[in-house]
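> My structure file work08.txt, compact mmCIF, C-alpha atoms, is below:
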# COMPACT_ATOMS: atom_id res chain seq x y z
CA MET A 1461 -30.60 40.83 12.08
CA ALA A 1462 -33.65 42.51 10.57
CA ALA A 1463 -37.02 41.02 9.87
CA THR A 1464 -37.63 39.51 6.45
CA VAL A 1465 -40.54 41.19 4.72
CA GLU A 1466 -42.02 40.65 1.28
CA ILE A 1467 -44.99 41.79 -0.75
CA ASP A 1468 -47.47 39.08 -1.72
CA GLU A 1469 -50.26 39.21 -4.27
CA ALA A 1470 -53.38 37.08 -4.52
CA ASN A 1471 -54.99 36.21 -7.83
CA GLY A 1472 -57.75 34.15 -9.33
CA ALA A 1473 -60.97 32.78 -7.96
CA GLY A 1474 -59.02 30.48 -5.67
CA GLU A 1475 -56.87 33.19 -4.05
CA THR A 1476 -53.57 31.80 -5.25
CA LEU A 1477 -50.88 33.70 -3.37
CA THR A 1478 -47.62 34.67 -5.04
CA HIS A 1479 -44.98 35.50 -2.46
CA GLY A 1480 -42.31 38.11 -3.01
CA ILE A 1481 -43.67 39.80 -6.12
CA THR A 1482 -41.12 41.78 -8.07
CA ASP A 1483 -43.36 44.34 -9.74
CA CYS A 1484 -46.77 45.89 -9.45
CA ASP A 1485 -47.67 46.36 -13.12
CA MET A 1486 -51.39 46.82 -13.60
CA GLY A 1487 -53.41 46.14 -16.71
CA SER A 1488 -55.98 43.98 -18.40
CA THR A 1489 -55.21 40.64 -16.82
CA ASP A 1490 -55.30 39.28 -13.29
CA ALA A 1491 -51.81 37.99 -12.61
CA ALA A 1492 -48.85 38.64 -10.36
CA ASN A 1493 -45.80 40.14 -12.04
CA MET A 1494 -47.94 40.66 -15.17
CA ASP A 1495 -46.56 41.90 -18.47
CA PRO A 1496 -48.16 45.31 -19.18
CA VAL A 1497 -47.04 45.26 -22.80
CA ALA A 1498 -48.85 42.02 -23.46
CA ASN A 1499 -51.82 43.07 -21.29
CA PRO A 1500 -52.35 46.81 -21.81
CA LEU A 1501 -55.33 48.67 -20.47
CA THR A 1502 -57.71 50.07 -23.08
CA PRO A 1503 -58.51 53.72 -22.25
CA GLY A 1504 -61.89 54.09 -20.61
CA ASN A 1505 -61.50 50.97 -18.51
CA ARG A 1506 -60.25 49.99 -15.10
CA THR A 1507 -57.32 47.75 -14.44
CA TYR A 1508 -57.87 44.51 -12.57
CA ILE A 1509 -57.80 45.28 -8.88
CA LYS A 1510 -54.63 44.21 -7.09
CA TYR A 1511 -54.92 42.43 -3.76
CA GLN A 1512 -51.56 42.64 -2.04
CA LYS A 1513 -50.26 42.35 1.48
CA ILE A 1514 -47.13 42.96 3.45
CA HIS A 1515 -45.88 39.60 4.72
CA VAL A 1516 -43.38 39.14 7.52
CA THR A 1517 -41.76 35.76 6.91
CA ALA A 1518 -39.22 35.97 9.73
CA MET A 1519 -38.82 38.36 12.63
CA GLY A 1520 -35.04 38.10 12.59
CA GLY A 1521 -34.82 38.96 16.25
CA SER A 1522 -37.09 41.99 16.04
CA SER A 1523 -40.03 42.23 18.38
CA LYS A 1524 -42.66 44.13 16.43
CA ILE A 1525 -43.70 45.29 12.96
CA ASP A 1526 -46.34 47.99 12.70
CA ASN A 1527 -47.25 51.43 11.30
CA LEU A 1528 -47.80 50.23 7.74
CA LYS A 1529 -47.86 52.89 5.07
CA VAL A 1530 -48.39 52.60 1.32
CA TRP A 1531 -48.27 55.27 -1.34
CA ARG A 1532 -47.40 55.87 -4.97
CA THR A 1533 -44.78 58.19 -6.34
CA GLY A 1534 -44.81 59.30 -9.96
CA SER A 1535 -47.64 60.37 -12.22
CA LEU A 1536 -50.14 58.03 -13.82
CA GLY A 1537 -49.78 59.33 -17.35
CA THR A 1538 -50.87 62.13 -19.64
CA GLY A 1539 -54.13 62.81 -21.39
CA GLY A 1540 -57.56 62.20 -19.98
CA THR A 1541 -58.20 61.34 -16.38
CA HIS A 1542 -56.48 58.63 -14.41
CA THR A 1543 -57.31 57.80 -10.84
CA HIS A 1544 -55.56 55.37 -8.56
CA VAL A 1545 -58.00 54.15 -5.92
CA THR A 1546 -57.34 52.08 -2.81
CA ASN A 1547 -58.78 50.93 0.49
CA ALA A 1548 -55.73 52.38 2.29
CA ARG A 1549 -56.63 55.35 4.44
CA THR A 1550 -55.37 57.00 7.60
CA SER A 1551 -58.79 57.53 9.18
CA SER A 1552 -62.17 55.83 9.07
CA TYR A 1553 -60.34 52.67 8.03
CA GLY A 1554 -62.83 50.13 6.79
CA GLY A 1555 -61.20 47.13 8.45
CA ALA A 1556 -59.58 44.22 6.67
CA LEU A 1557 -60.50 44.11 2.99
CA SER A 1558 -61.98 40.74 2.09
CA TYR A 1559 -60.53 38.96 -0.89
CA ALA A 1560 -62.76 38.36 -3.88
CA THR A 1561 -61.95 37.30 -7.40
CA PRO A 1562 -60.21 40.33 -8.95
CA VAL A 1563 -62.41 42.35 -11.27
CA THR A 1564 -62.23 45.37 -13.55
CA SER A 1565 -65.22 47.04 -11.94
CA ALA A 1566 -65.40 49.20 -8.83
CA VAL A 1567 -64.93 47.36 -5.53
CA THR A 1568 -66.71 48.45 -2.38
CA GLY A 1569 -64.34 50.18 0.00
CA VAL A 1570 -61.62 50.65 -2.60
CA ASP A 1571 -62.49 54.26 -3.22
CA GLN A 1572 -59.79 56.39 -1.66
CA THR A 1573 -57.24 58.21 -3.78
CA MET A 1574 -53.85 56.57 -3.42
CA PRO A 1575 -51.52 58.96 -1.58
CA THR A 1576 -48.68 60.36 -3.66
CA SER A 1577 -46.42 61.02 -0.71
CA GLU A 1578 -45.78 59.28 2.58
CA PRO A 1579 -48.92 59.40 4.73
CA GLY A 1580 -48.59 61.00 8.15
CA SER A 1581 -49.71 57.83 9.86
CA ALA A 1582 -50.51 54.22 9.09
CA ASN A 1583 -52.96 53.69 6.25
CA LEU A 1584 -52.95 49.89 6.00
CA GLY A 1585 -54.05 47.77 8.90
CA ILE A 1586 -53.02 44.57 10.58
CA GLY A 1587 -55.82 42.42 11.87
CA GLY A 1588 -58.32 44.97 10.66
CA SER A 1589 -56.86 47.87 12.64
CA LEU A 1590 -54.46 50.68 11.76
CA SER A 1591 -52.94 50.26 15.22
CA GLY A 1592 -52.41 46.54 14.74
CA SER A 1593 -48.97 44.97 14.87
CA LEU A 1594 -47.16 41.74 14.12
CA THR A 1595 -44.96 40.11 16.74
CA GLY A 1596 -44.31 37.00 14.68
CA THR A 1597 -44.72 35.83 11.13
CA GLY A 1598 -47.90 37.03 9.54
CA SER A 1599 -49.43 39.46 7.11
CA SER A 1600 -51.12 42.81 6.89
CA ASP A 1601 -54.67 43.28 5.75
CA TYR A 1602 -55.12 43.17 2.02
CA LEU A 1603 -54.19 46.35 0.19
CA GLY A 1604 -56.64 46.70 -2.66
CA HIS A 1605 -55.82 49.14 -5.45
CA GLN A 1606 -56.92 49.79 -8.99
CA ILE A 1607 -56.37 52.41 -11.69
CA THR A 1608 -59.31 53.94 -13.51
CA THR A 1609 -59.03 55.76 -16.83
CA ASP A 1610 -61.28 57.61 -19.23
CA SER A 1611 -61.34 57.38 -23.00
CA SER A 1612 -58.81 60.19 -23.41
CA ALA A 1613 -56.14 58.52 -21.31
CA THR A 1614 -52.93 57.71 -23.12
CA ALA A 1615 -51.32 54.37 -22.83
CA GLY A 1616 -48.30 53.73 -20.74
CA SER A 1617 -46.96 55.34 -17.60
CA THR A 1618 -44.50 54.33 -14.96
CA SER A 1619 -44.75 55.06 -11.28
CA THR A 1620 -43.59 53.43 -8.10
CA MET A 1621 -45.49 51.81 -5.25
CA ASN A 1622 -43.98 52.32 -1.80
CA TYR A 1623 -44.58 50.00 1.15
CA GLN A 1624 -43.20 51.05 4.51
CA TYR A 1625 -43.28 49.65 8.05
CA ASP A 1626 -41.74 50.32 11.43
CA GLU A 1627 -39.60 47.62 12.96
CA THR A 1628 -38.90 47.49 16.68
CA ALA A 1629 -35.79 45.66 17.81
CA MET B 1455 -50.90 23.96 -13.59
CA THR B 1456 -54.34 25.38 -14.23
CA GLU B 1457 -55.90 28.17 -12.22
CA GLU B 1458 -58.14 25.61 -10.56
CA GLU B 1459 -55.16 23.49 -9.59
CA LEU B 1460 -53.41 26.55 -8.13
CA ALA B 1461 -56.38 27.62 -6.04
CA GLY B 1462 -55.37 28.21 -2.45
CA LYS B 1463 -51.75 27.38 -3.11
CA HIS B 1464 -48.64 29.42 -2.47
CA ILE B 1465 -46.14 30.29 -5.19
CA ASP B 1466 -42.60 31.39 -4.46
CA GLY B 1467 -42.23 34.41 -6.73
CA ALA B 1468 -38.48 33.92 -7.07
CA THR B 1469 -38.47 30.30 -8.20
CA GLY B 1470 -42.04 29.57 -9.28
CA LEU B 1471 -42.19 26.62 -6.91
CA VAL B 1472 -45.70 25.83 -5.68
CA PHE B 1473 -46.50 24.96 -2.07
CA GLU B 1474 -49.69 23.56 -0.58
CA THR B 1475 -49.59 25.70 2.56
CA GLU B 1476 -47.98 28.85 3.87
CA GLU B 1477 -46.15 26.74 6.44
CA ASP B 1478 -44.58 24.71 3.63
CA TYR B 1479 -43.53 27.93 1.88
CA LEU B 1480 -42.03 29.38 5.05
CA ALA B 1481 -40.10 26.17 5.68
CA PHE B 1482 -38.65 26.47 2.17
CA LYS B 1483 -37.84 30.16 2.53
CA HIS B 1484 -36.41 29.93 6.01
CA PRO B 1485 -35.04 26.41 6.52
CA GLU B 1486 -32.97 27.80 9.38
CA ASN B 1487 -36.18 28.30 11.34
CA VAL B 1488 -37.45 24.76 10.91
CA GLU B 1489 -37.18 22.79 14.11
CA VAL B 1490 -35.51 19.44 13.63
CA PRO B 1491 -36.88 16.81 16.01
CA GLY B 1492 -34.18 15.84 18.49
CA THR B 1493 -33.27 12.36 19.62
CA ASP B 1494 -33.76 11.59 23.28
CA THR B 1495 -31.81 8.39 23.84
CA GLU B 1496 -32.97 8.01 27.43
CA ASP B 1497 -36.63 7.96 26.37
CA GLU B 1498 -35.89 5.51 23.60
CA GLY B 1499 -34.17 3.26 26.08
CA GLY B 1500 -37.19 3.40 28.32
CA ASN B 1501 -39.45 2.39 25.47
CA ASP B 1502 -37.19 -0.49 24.63
CA GLU B 1503 -37.38 -1.73 28.19
CA ALA B 1504 -41.14 -1.51 28.15
CA GLU B 1505 -41.28 -3.48 24.92
CA GLU B 1506 -38.98 -6.12 26.32
CA ALA B 1507 -41.07 -6.39 29.48
CA ALA B 1508 -44.21 -6.84 27.42
Can I see the file as structure tokens?

Amino acid sequence: MAATVEIDEANGAGETLTHGITDCDMGSTDAANMDPVANPLTPGNRTYIKYQKIHVTAMGGSSKIDNLKVWRTGSLGTGGTHTHVTNARTSSYGGALSYATPVTSAVTGVDQTMPTSEPGSANLGIGGSLSGSLTGTGSSDYLGHQITTDSSATAGSTSTMNYQYDETA
Amino acid sequence: MTEEELAGKHIDGATGLVFETEEDYLAFKHPENVEVPGTDTEDEGGNDEAEEAA
């Protein structure tokens, strides 16, 4: 039996954690599984930062989860400039990202361009280290990510976030 | 519930149920992993004897 893994997202000043989110829509409100139609991003602004983590809720007989990788596939949209920034990185990792009330401004350490293909090595840590691992239930460091736009950006685009891990029997 | 009331709590994304702690959430998600306290009849008998002696 395989491990049970989900993606969680924290929101609000009180770090309310929603387990097993079903989408990663980003826009003008701080909420898990948000509705991007009801909460669109006005060009020239940043989305609310997302604080998400990979959560192992059961090992299912496996002995280790490690080598966490996150990336986006698909373009961000046409017109203007869009940038998807994150704290995920394969080198010079800044350690575990601390949670803070999600904002629409730049966040220290969340300044790397989100990869658009599978990274060659881990880019999200466990316990503050890219070489960290889980041998029981637990979570990764927070993945912080945010989309920035300029005034020429056009509304609406669809892309996919990928979260990958290695599982050792 | 208000944002203040949800502070620090855990929401099951599938059902919307709210849990006070991660342990409570995990017990809901994986009831098969929750240890059920066993009954040790020999120990209980010993306690009974002690109570009777007292």
> Tell me, as a list in words, which residues lie within 8 Å of stretch 1466-1476 of chain B, counting only C-alpha atoms; anything in the same chain fewer than 4 positions away does not count.
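My reading of the contact set: Thr1478, His1479, Gly1480, Ile1481 and Thr1482 of chain A; Gly1462 and Leu1480 of chain B.
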> Measure the distance from atom CA of A:Lys1529 to atom CA of A:Ser1581 in Å and round it to one decimal.
7.1 Å
> Determine, using all atoms listed in the file, which residues of stretch 1532-1560 of chain A have any atom at most 6 Å from an atom of stretch 1598-1605 of chain A, and tabulate each with its shortest atom pair and distance in Å to one decimal place, rows ordered by chain and then rising number, as JSON lines.

{"residue": "A:Val1545", "atom": "CA", "partner": "A:His1605", "partner_atom": "CA", "distance": 5.5}
{"residue": "A:Thr1546", "atom": "CA", "partner": "A:His1605", "partner_atom": "CA", "distance": 4.2}
{"residue": "A:Asn1547", "atom": "CA", "partner": "A:Gly1604", "partner_atom": "CA", "distance": 5.7}
{"residue": "A:Ala1556", "atom": "CA", "partner": "A:Asp1601", "partner_atom": "CA", "distance": 5.1}
{"residue": "A:Leu1557", "atom": "CA", "partner": "A:Tyr1602", "partner_atom": "CA", "distance": 5.5}
> Enumerate as number ranges by chain the residues belonging to chain A that approach chain B to within 10 Å, with all atoms listed in the file taken into account.
A: 1464, 1467-1482, 1492-1493, 1517-1518, 1520, 1597-1598
> I need the residue nearest A:Leu1584 from this list: A:Asp1526, A:Asp1483, A:Asp1571, A:Glu1627. Use only C-alpha atoms for the distance.
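Closest to A:Leu1584 of all the choices is A:Asp1526.
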> Between atom CA of A:Ser1619 and atom CA of A:Gly1487, what is the distance, to one decimal in Å?
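Distance between the two atoms: 13.6 Å.
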> For A:Ser1565, please output as a list of chain:residue names all residues within 10 Å (counting all atoms listed in the file; exclusion window: fewer than 4 positions along the same chain).
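Surrounding residues, per the criterion: A:Asn1505, A:Arg1506, A:Thr1507, A:Tyr1508, A:Ile1509, A:Gln1606, A:Thr1608.
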> Identify which of the residues A:His1544, A:His1515, A:Lys1524, A:Lys1510 lies closest to A:Gly1592, counting only C-alpha atoms when measuring atom-to-atom distances.
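Nearest candidate to A:Gly1592 out of A:His1544, A:His1515, A:Lys1524, A:Lys1510: A:Lys1524.
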> Would you work out the distance separating atom CA of A:Met1461 from atom CA of A:Asn1622, expressed in Å to one decimal?
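So the answer is 22.4 Å.
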> What are the centre and the three edge lengths of an axis-aligned box that wraps all atoms of stretch 1573-1576 of chain A in the file, given that 5 Å is added to every side, written as JSON and rounded to one decimal in Å?

{"center_x": -53.0, "center_y": 58.5, "center_z": -2.7, "size_x": 18.6, "size_y": 13.8, "size_z": 12.2}
